[in-house]
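Next up, input-v3.csv (CSV, C-alpha atoms):
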```csv
chain,number,residue,atom,x,y,z
B,9,MET,CA,0.0,0.0,0.0
B,10,ALA,CA,1.3,3.5,-0.9
B,11,ALA,CA,2.4,5.7,1.9
B,12,ASP,CA,-0.1,8.3,3.0
B,13,GLU,CA,1.9,11.1,1.5
B,14,ASP,CA,1.8,9.5,-1.9
B,15,LEU,CA,-2.0,9.2,-2.1
B,16,PHE,CA,-2.6,12.8,-3.0
B,17,ARG,CA,-0.8,15.6,-4.7
B,18,PRO,CA,-1.3,19.4,-4.7
B,19,VAL,CA,-3.7,20.7,-7.2
B,20,PRO,CA,-3.4,23.9,-9.2
B,21,PRO,CA,-5.6,26.8,-8.2
B,22,VAL,CA,-8.7,27.3,-10.3
B,23,ARG,CA,-8.4,30.4,-12.4
B,24,ALA,CA,-11.2,33.1,-12.1
B,25,TYR,CA,-12.2,32.8,-15.8
B,26,GLN,CA,-13.0,29.1,-15.2
B,27,ARG,CA,-15.4,29.9,-12.4
B,28,VAL,CA,-17.0,32.6,-14.5
B,29,ALA,CA,-17.4,30.1,-17.4
B,30,GLU,CA,-18.8,27.4,-15.1
B,31,GLN,CA,-21.5,29.8,-13.7
B,32,ILE,CA,-22.6,30.8,-17.1
B,33,GLU,CA,-22.6,27.3,-18.4
B,34,GLU,CA,-24.7,26.1,-15.4
B,35,ARG,CA,-27.3,28.8,-16.2
B,36,ILE,CA,-27.4,27.7,-19.8
B,37,LEU,CA,-27.7,24.0,-19.0
B,38,SER,CA,-30.4,24.6,-16.4
B,39,GLY,CA,-32.5,26.5,-18.9
B,40,GLU,CA,-32.3,29.8,-17.1
B,41,LEU,CA,-30.5,31.1,-20.2
B,42,PRO,CA,-32.3,29.5,-23.1
B,43,PRO,CA,-31.1,29.4,-26.7
B,44,GLY,CA,-31.5,32.9,-28.3
B,45,ALA,CA,-31.1,34.7,-25.0
B,46,ARG,CA,-28.4,37.3,-24.6
B,47,LEU,CA,-25.8,37.5,-21.9
B,48,PRO,CA,-25.2,40.9,-20.2
B,49,GLY,CA,-22.7,43.1,-21.9
B,50,GLU,CA,-19.0,42.7,-21.1
B,51,ARG,CA,-18.9,45.7,-18.8
B,52,GLU,CA,-21.9,44.4,-16.8
B,53,LEU,CA,-20.4,41.0,-16.5
B,54,VAL,CA,-17.2,42.5,-15.1
B,55,GLN,CA,-19.3,44.3,-12.5
B,56,ARG,CA,-21.4,41.2,-11.6
B,57,PHE,CA,-18.5,38.8,-11.3
B,58,GLY,CA,-16.2,41.3,-9.7
B,59,VAL,CA,-13.3,40.4,-12.1
B,60,GLY,CA,-11.3,42.1,-14.7
B,61,ARG,CA,-12.3,42.5,-18.4
B,62,SER,CA,-9.6,40.0,-19.5
B,63,THR,CA,-11.1,37.3,-17.2
B,64,VAL,CA,-14.6,37.8,-18.7
B,65,ARG,CA,-13.2,37.7,-22.2
B,66,GLU,CA,-11.4,34.5,-21.6
B,67,ALA,CA,-14.5,32.9,-20.0
B,68,LEU,CA,-16.5,33.9,-23.1
B,69,ARG,CA,-13.8,32.4,-25.4
B,70,VAL,CA,-14.1,29.1,-23.5
B,71,LEU,CA,-17.8,29.1,-23.8
B,72,GLN,CA,-17.7,29.9,-27.5
B,73,SER,CA,-15.2,27.1,-28.1
B,74,THR,CA,-17.6,24.6,-26.6
B,75,GLY,CA,-20.4,25.9,-28.8
B,76,LEU,CA,-22.6,27.2,-26.0
B,77,ILE,CA,-22.5,30.9,-27.0
B,78,ARG,CA,-21.7,33.0,-30.0
B,79,SER,CA,-19.7,36.1,-29.0
B,80,ARG,CA,-18.9,39.0,-31.4
B,81,PRO,CA,-16.4,41.6,-30.4
B,82,GLY,CA,-18.0,44.9,-29.7
B,83,ASP,CA,-21.6,43.5,-29.9
B,84,PRO,CA,-23.6,45.9,-27.7
B,85,LEU,CA,-26.3,43.2,-27.2
B,86,GLY,CA,-23.9,40.8,-25.5
B,87,ALA,CA,-23.1,37.2,-26.4
B,88,GLU,CA,-25.9,35.1,-27.8
B,89,VAL,CA,-26.7,31.8,-26.1
B,90,LEU,CA,-26.7,28.8,-28.5
B,91,GLY,CA,-27.2,26.1,-25.9
B,92,VAL,CA,-26.6,22.4,-26.4
B,93,SER,CA,-27.1,21.1,-29.9
B,94,PRO,CA,-26.2,18.0,-32.0
B,95,ASP,CA,-23.6,20.3,-33.7
B,96,ASN,CA,-21.5,20.2,-30.6
B,97,LEU,CA,-21.6,16.4,-30.6
B,98,SER,CA,-21.1,15.9,-34.3
B,99,GLN,CA,-18.0,18.2,-34.3
B,100,ALA,CA,-16.6,16.2,-31.4
B,101,LEU,CA,-17.2,12.9,-33.2
B,102,GLY,CA,-15.6,14.3,-36.3
B,103,ARG,CA,-12.5,15.4,-34.4
B,104,LEU,CA,-12.3,12.0,-32.8
B,105,THR,CA,-12.3,10.3,-36.2
B,106,ARG,CA,-9.8,12.6,-37.8
B,107,SER,CA,-7.5,12.3,-34.8
B,108,GLY,CA,-7.5,8.5,-34.9
B,109,VAL,CA,-9.0,8.1,-31.4
B,110,ALA,CA,-12.0,6.5,-33.0
B,111,SER,CA,-11.8,5.0,-36.5
B,112,LEU,CA,-14.3,5.7,-39.3
B,113,GLY,CA,-15.3,2.1,-39.1
B,114,GLU,CA,-16.2,2.4,-35.4
B,115,LEU,CA,-18.2,5.5,-36.1
B,116,VAL,CA,-20.1,3.9,-38.9
B,117,GLN,CA,-20.7,0.8,-36.7
B,118,PHE,CA,-22.0,3.1,-34.0
B,119,ARG,CA,-24.4,4.7,-36.5
B,120,MET,CA,-25.6,1.2,-37.6
B,121,ALA,CA,-26.6,0.5,-34.0
B,122,LEU,CA,-28.4,3.8,-33.6
B,123,ASP,CA,-30.2,3.5,-36.9
B,124,ALA,CA,-31.3,0.0,-36.2
B,125,GLU,CA,-32.8,0.9,-32.8
B,126,SER,CA,-34.4,4.1,-34.1
B,127,ASN,CA,-36.0,2.1,-37.0
B,128,ARG,CA,-37.2,-0.6,-34.6
B,129,LEU,CA,-38.9,1.8,-32.2
B,130,ALA,CA,-40.3,4.0,-35.0
B,131,ALA,CA,-42.0,1.0,-36.5
B,132,ARG,CA,-43.9,0.6,-33.2
B,133,LEU,CA,-44.4,4.1,-32.1
B,134,HIS,CA,-44.7,6.3,-35.2
B,135,THR,CA,-47.7,8.6,-35.9
B,136,GLU,CA,-49.1,9.6,-39.3
B,137,GLU,CA,-47.4,13.0,-38.9
B,138,ASP,CA,-44.0,11.2,-38.6
B,139,LEU,CA,-44.8,9.3,-41.8
B,140,VAL,CA,-45.6,12.5,-43.6
B,141,ARG,CA,-42.3,14.0,-42.7
B,142,MET,CA,-40.5,10.8,-44.0
B,143,ARG,CA,-42.4,10.9,-47.3
B,144,GLU,CA,-41.5,14.5,-47.8
B,145,GLN,CA,-37.8,13.9,-47.5
B,146,ILE,CA,-37.9,10.9,-49.8
B,147,ALA,CA,-39.7,13.1,-52.4
B,148,ARG,CA,-37.0,15.8,-51.9
B,149,MET,CA,-34.3,13.2,-52.4
B,150,GLU,CA,-36.0,12.0,-55.6
B,151,ALA,CA,-36.1,15.6,-56.9
B,152,LEU,CA,-32.4,16.0,-56.1
B,153,GLY,CA,-31.3,12.6,-57.3
B,154,ALA,CA,-31.2,13.7,-60.9
B,155,ALA,CA,-28.6,16.4,-60.1
B,156,PRO,CA,-25.3,14.8,-59.0
B,157,SER,CA,-24.0,18.2,-58.1
B,158,GLY,CA,-26.5,18.4,-55.3
B,159,LEU,CA,-24.9,15.8,-53.2
B,160,ARG,CA,-24.8,18.1,-50.2
B,161,ALA,CA,-28.5,18.9,-50.5
B,162,PHE,CA,-29.3,15.2,-51.0
B,163,SER,CA,-27.3,14.4,-47.8
B,164,GLU,CA,-29.3,17.0,-45.9
B,165,ALA,CA,-32.6,15.4,-47.0
B,166,ASP,CA,-31.2,12.1,-46.0
B,167,ALA,CA,-30.3,13.5,-42.6
B,168,LEU,CA,-33.8,14.9,-42.1
B,169,PHE,CA,-35.4,11.6,-43.1
B,170,HIS,CA,-33.3,9.8,-40.4
B,171,ARG,CA,-34.1,12.6,-37.9
B,172,ALA,CA,-37.8,12.0,-38.5
B,173,ILE,CA,-37.3,8.4,-37.7
B,174,ALA,CA,-35.3,9.1,-34.6
B,175,GLU,CA,-37.9,11.5,-33.4
B,176,ALA,CA,-40.6,8.9,-34.2
B,177,SER,CA,-38.8,6.5,-31.8
B,178,ARG,CA,-39.8,8.9,-29.0
B,179,ASN,CA,-36.3,8.8,-27.5
B,180,ALA,CA,-34.7,12.3,-27.5
B,181,LEU,CA,-31.2,10.9,-27.0
B,182,LEU,CA,-31.5,8.6,-30.0
B,183,GLY,CA,-32.6,11.6,-32.0
B,184,LEU,CA,-29.7,13.7,-30.8
B,185,CYS,CA,-27.0,11.0,-31.3
B,186,ALA,CA,-28.4,9.9,-34.6
B,187,ARG,CA,-28.2,13.4,-36.0
B,188,ALA,CA,-24.7,14.0,-34.6
B,189,VAL,CA,-23.3,10.7,-35.9
B,190,HIS,CA,-24.9,11.2,-39.3
B,191,GLU,CA,-23.3,14.6,-39.7
B,192,ALA,CA,-19.9,13.3,-38.5
B,193,VAL,CA,-20.0,10.4,-41.0
B,194,VAL,CA,-21.1,12.8,-43.8
B,195,GLU,CA,-18.3,15.2,-43.0
B,196,VAL,CA,-15.6,12.5,-43.2
B,197,ILE,CA,-16.9,10.3,-46.0
B,198,GLU,CA,-19.0,12.5,-48.4
B,199,LYS,CA,-15.9,13.5,-50.5
B,200,LYS,CA,-14.8,9.9,-50.7
B,201,ILE,CA,-18.2,8.8,-52.1
B,202,ALA,CA,-18.3,11.6,-54.6
B,203,ALA,CA,-14.8,10.8,-55.8
B,204,VAL,CA,-15.0,7.1,-56.2
B,205,ALA,CA,-18.6,6.3,-57.0
B,206,ASP,CA,-21.2,7.2,-59.7
B,207,PRO,CA,-23.3,9.8,-57.8
B,208,ALA,CA,-26.5,9.0,-59.8
B,209,ALA,CA,-26.2,5.3,-59.1
B,210,TRP,CA,-25.5,6.0,-55.4
B,211,THR,CA,-28.5,8.3,-55.0
B,212,SER,CA,-30.8,5.9,-56.8
B,213,ARG,CA,-29.8,3.0,-54.5
B,214,SER,CA,-30.2,5.3,-51.5
B,215,ILE,CA,-33.7,6.3,-52.4
B,216,ALA,CA,-34.7,2.7,-52.9
B,217,HIS,CA,-33.4,1.9,-49.4
B,218,HIS,CA,-35.3,4.8,-47.9
B,219,ARG,CA,-38.5,3.6,-49.5
B,220,ASP,CA,-37.9,0.1,-48.1
B,221,VAL,CA,-37.3,1.5,-44.6
B,222,LEU,CA,-40.5,3.7,-44.8
B,223,ALA,CA,-42.5,0.6,-46.0
B,224,ALA,CA,-41.3,-1.4,-43.0
B,225,ILE,CA,-42.1,1.3,-40.5
B,226,GLU,CA,-45.5,1.9,-42.0
B,227,ALA,CA,-46.2,-1.9,-41.8
B,228,GLY,CA,-45.0,-1.9,-38.2
B,229,ASP,CA,-42.4,-4.5,-39.1
B,230,SER,CA,-39.8,-3.6,-36.4
B,231,ALA,CA,-37.4,-6.5,-37.1
B,232,ARG,CA,-37.2,-5.7,-40.9
B,233,ALA,CA,-36.8,-1.9,-40.2
B,234,ALA,CA,-34.0,-2.6,-37.8
B,235,ARG,CA,-32.3,-5.0,-40.2
B,236,LEU,CA,-32.5,-2.5,-43.0
B,237,GLY,CA,-30.8,0.1,-40.8
B,238,ARG,CA,-27.8,-2.1,-40.4
B,239,THR,CA,-27.4,-3.7,-43.8
B,240,ALA,CA,-27.8,-0.5,-45.9
B,241,LEU,CA,-25.0,1.3,-43.9
B,242,HIS,CA,-22.8,-1.8,-44.4
B,243,GLU,CA,-23.4,-1.7,-48.2
B,244,TYR,CA,-22.8,2.1,-48.4
B,245,TYR,CA,-19.7,2.4,-46.3
B,246,ALA,CA,-17.9,-1.0,-46.0
B,247,ASP,CA,-15.6,-0.2,-49.0
B,248,HIS,CA,-14.8,3.2,-47.7
B,249,VAL,CA,-13.7,2.6,-44.1
B,250,GLU,CA,-10.2,1.4,-43.1
B,251,PRO,CA,-9.6,-2.2,-44.2
B,252,GLU,CA,-8.7,-3.2,-40.6
B,253,THR,CA,-12.1,-2.1,-39.3
B,254,ARG,CA,-14.3,-3.6,-42.0
B,255,GLU,CA,-14.8,-6.7,-39.8
B,256,LEU,CA,-16.6,-4.4,-37.3
B,257,LEU,CA,-19.3,-3.6,-39.9
B,258,ALA,CA,-19.5,-7.3,-41.0
B,259,ALA,CA,-20.0,-8.3,-37.4
B,260,ALA,CA,-22.9,-5.8,-37.0
B,261,VAL,CA,-24.8,-7.5,-39.8
B,262,ALA,CA,-23.7,-11.1,-39.1
B,263,ASP,CA,-27.1,-12.0,-37.5
B,264,ASP,CA,-29.1,-10.6,-40.4
```

Now, as a test, write the supplied structure out as structure tokens.
Amino acid sequence: MAADEDLFRPVPPVRAYQRVAEQIEERILSGELPPGARLPGERELVQRFGVGRSTVREALRVLQSTGLIRSRPGDPLGAEVLGVSPDNLSQALGRLTRSGVASLGELVQFRMALDAESNRLAARLHTEEDLVRMREQIARMEALGAAPSGLRAFSEADALFHRAIAEASRNALLGLCARAVHEAVVEVIEKKIAAVADPAAWTSRSIAHHRDVLAAIEAGDSARAARLGRTALHEYYADHVEPETRELLAAAVADD
């Protein structure tokens, strides 16, 4: 057993800007400062916190780097509260993939799990309004499919279709994570698909898949809807992920 003096070490003092950032973050997360609200101006924050202007500015920089606020130098209205959004999570997932901490294969496998569960629950819990939203995005994809240059717009319609499914699952976290993972995957892989594949053939196959998913959800066939969520992603992305992680995707569809 370690000697008592080895159990703990001195900790660095917390800087004032960290305390300021923590207080503001807590008010945002609690809902006291909702998205769209404005923080007091810089001068007023200096007075309220009893700190220097440089401390307030550093705290605002920290909050802006996390995506919780948008601060413009000299803005007389004060920083705008953005709150927590999938953008924060998708950016973090994208950075993890680019840094190598998580591979693209792992990220796609994670999305396979999310899509499968979202599809399964949506098949059981959807409303007619949910189905209308899904049909609208499929129609939008069909209109865009004839224009390969509209790959970004097509991907956005794809994302909205899957968001509608995730929200039809009635699980807010599934909806949040599904949107974030989709955006992170698109960010990393969209250029690869555009460069190595025939965009028209890819969009045609994607539309057919989305129609199959919609049909399974409408029919209440949760098992088929979940299976489609896994197999389609394997077909789309298996050839684009790192060779050493392709077995991850194969394992995810092994029981299908």

Query - Sel. within 12 Å of pt (-33.9, 12.7, -55.5), counting all atoms listed in the file, output as a ChimeraX atom specification - result: /B:143-166,207-216,218-219

Counting all atoms listed in the file, write as a compact mmCIF listing (two decimals) with C-alpha atoms, keeping the file's coordinate frame all protein and nucleic acid residues lying at most 12 Å from (-34.8, 10.2, -32.8) in the file's frame.
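Just written: selection_27.txt:
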```txt
# COMPACT_ATOMS: atom_id res chain seq x y z
CA PRO B 94 -26.20 18.00 -32.00
CA LEU B 122 -28.40 3.80 -33.60
CA ASP B 123 -30.20 3.50 -36.90
CA ALA B 124 -31.30 0.00 -36.20
CA GLU B 125 -32.80 0.90 -32.80
CA SER B 126 -34.40 4.10 -34.10
CA ASN B 127 -36.00 2.10 -37.00
CA ARG B 128 -37.20 -0.60 -34.60
CA LEU B 129 -38.90 1.80 -32.20
CA ALA B 130 -40.30 4.00 -35.00
CA LEU B 133 -44.40 4.10 -32.10
CA HIS B 134 -44.70 6.30 -35.20
CA ASP B 138 -44.00 11.20 -38.60
CA ALA B 167 -30.30 13.50 -42.60
CA LEU B 168 -33.80 14.90 -42.10
CA PHE B 169 -35.40 11.60 -43.10
CA HIS B 170 -33.30 9.80 -40.40
CA ARG B 171 -34.10 12.60 -37.90
CA ALA B 172 -37.80 12.00 -38.50
CA ILE B 173 -37.30 8.40 -37.70
CA ALA B 174 -35.30 9.10 -34.60
CA GLU B 175 -37.90 11.50 -33.40
CA ALA B 176 -40.60 8.90 -34.20
CA SER B 177 -38.80 6.50 -31.80
CA ARG B 178 -39.80 8.90 -29.00
CA ASN B 179 -36.30 8.80 -27.50
CA ALA B 180 -34.70 12.30 -27.50
CA LEU B 181 -31.20 10.90 -27.00
CA LEU B 182 -31.50 8.60 -30.00
CA GLY B 183 -32.60 11.60 -32.00
CA LEU B 184 -29.70 13.70 -30.80
CA CYS B 185 -27.00 11.00 -31.30
CA ALA B 186 -28.40 9.90 -34.60
CA ARG B 187 -28.20 13.40 -36.00
CA ALA B 188 -24.70 14.00 -34.60
CA VAL B 189 -23.30 10.70 -35.90
CA HIS B 190 -24.90 11.20 -39.30
```

Report task. For each of B:Val22, B:Leu112, B:Leu222, B:Leu97, take the minimum atom-to-atom distance to B:Ala246, counting all atoms listed in the file, then give the residue where this is smallest. Result ->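 Looking at the shortest contact to B:Ala246, the residue is B:Leu112.
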
Query raised in the report: Contacts of B:Arg27 at 12 Å or less, counting only C-alpha atoms, minus same-chain residues fewer than 4 places along, as a ChimeraX atom specification?
Result: /B:21-23,31-34,57-59,63-64,66-68,70-71

Report summary line: Using only C-alpha atoms, the shortest atom-to-atom distance to B:Glu250 among B:Val92, B:Leu47, B:Ala29, B:Val116 belongs to B:Val116
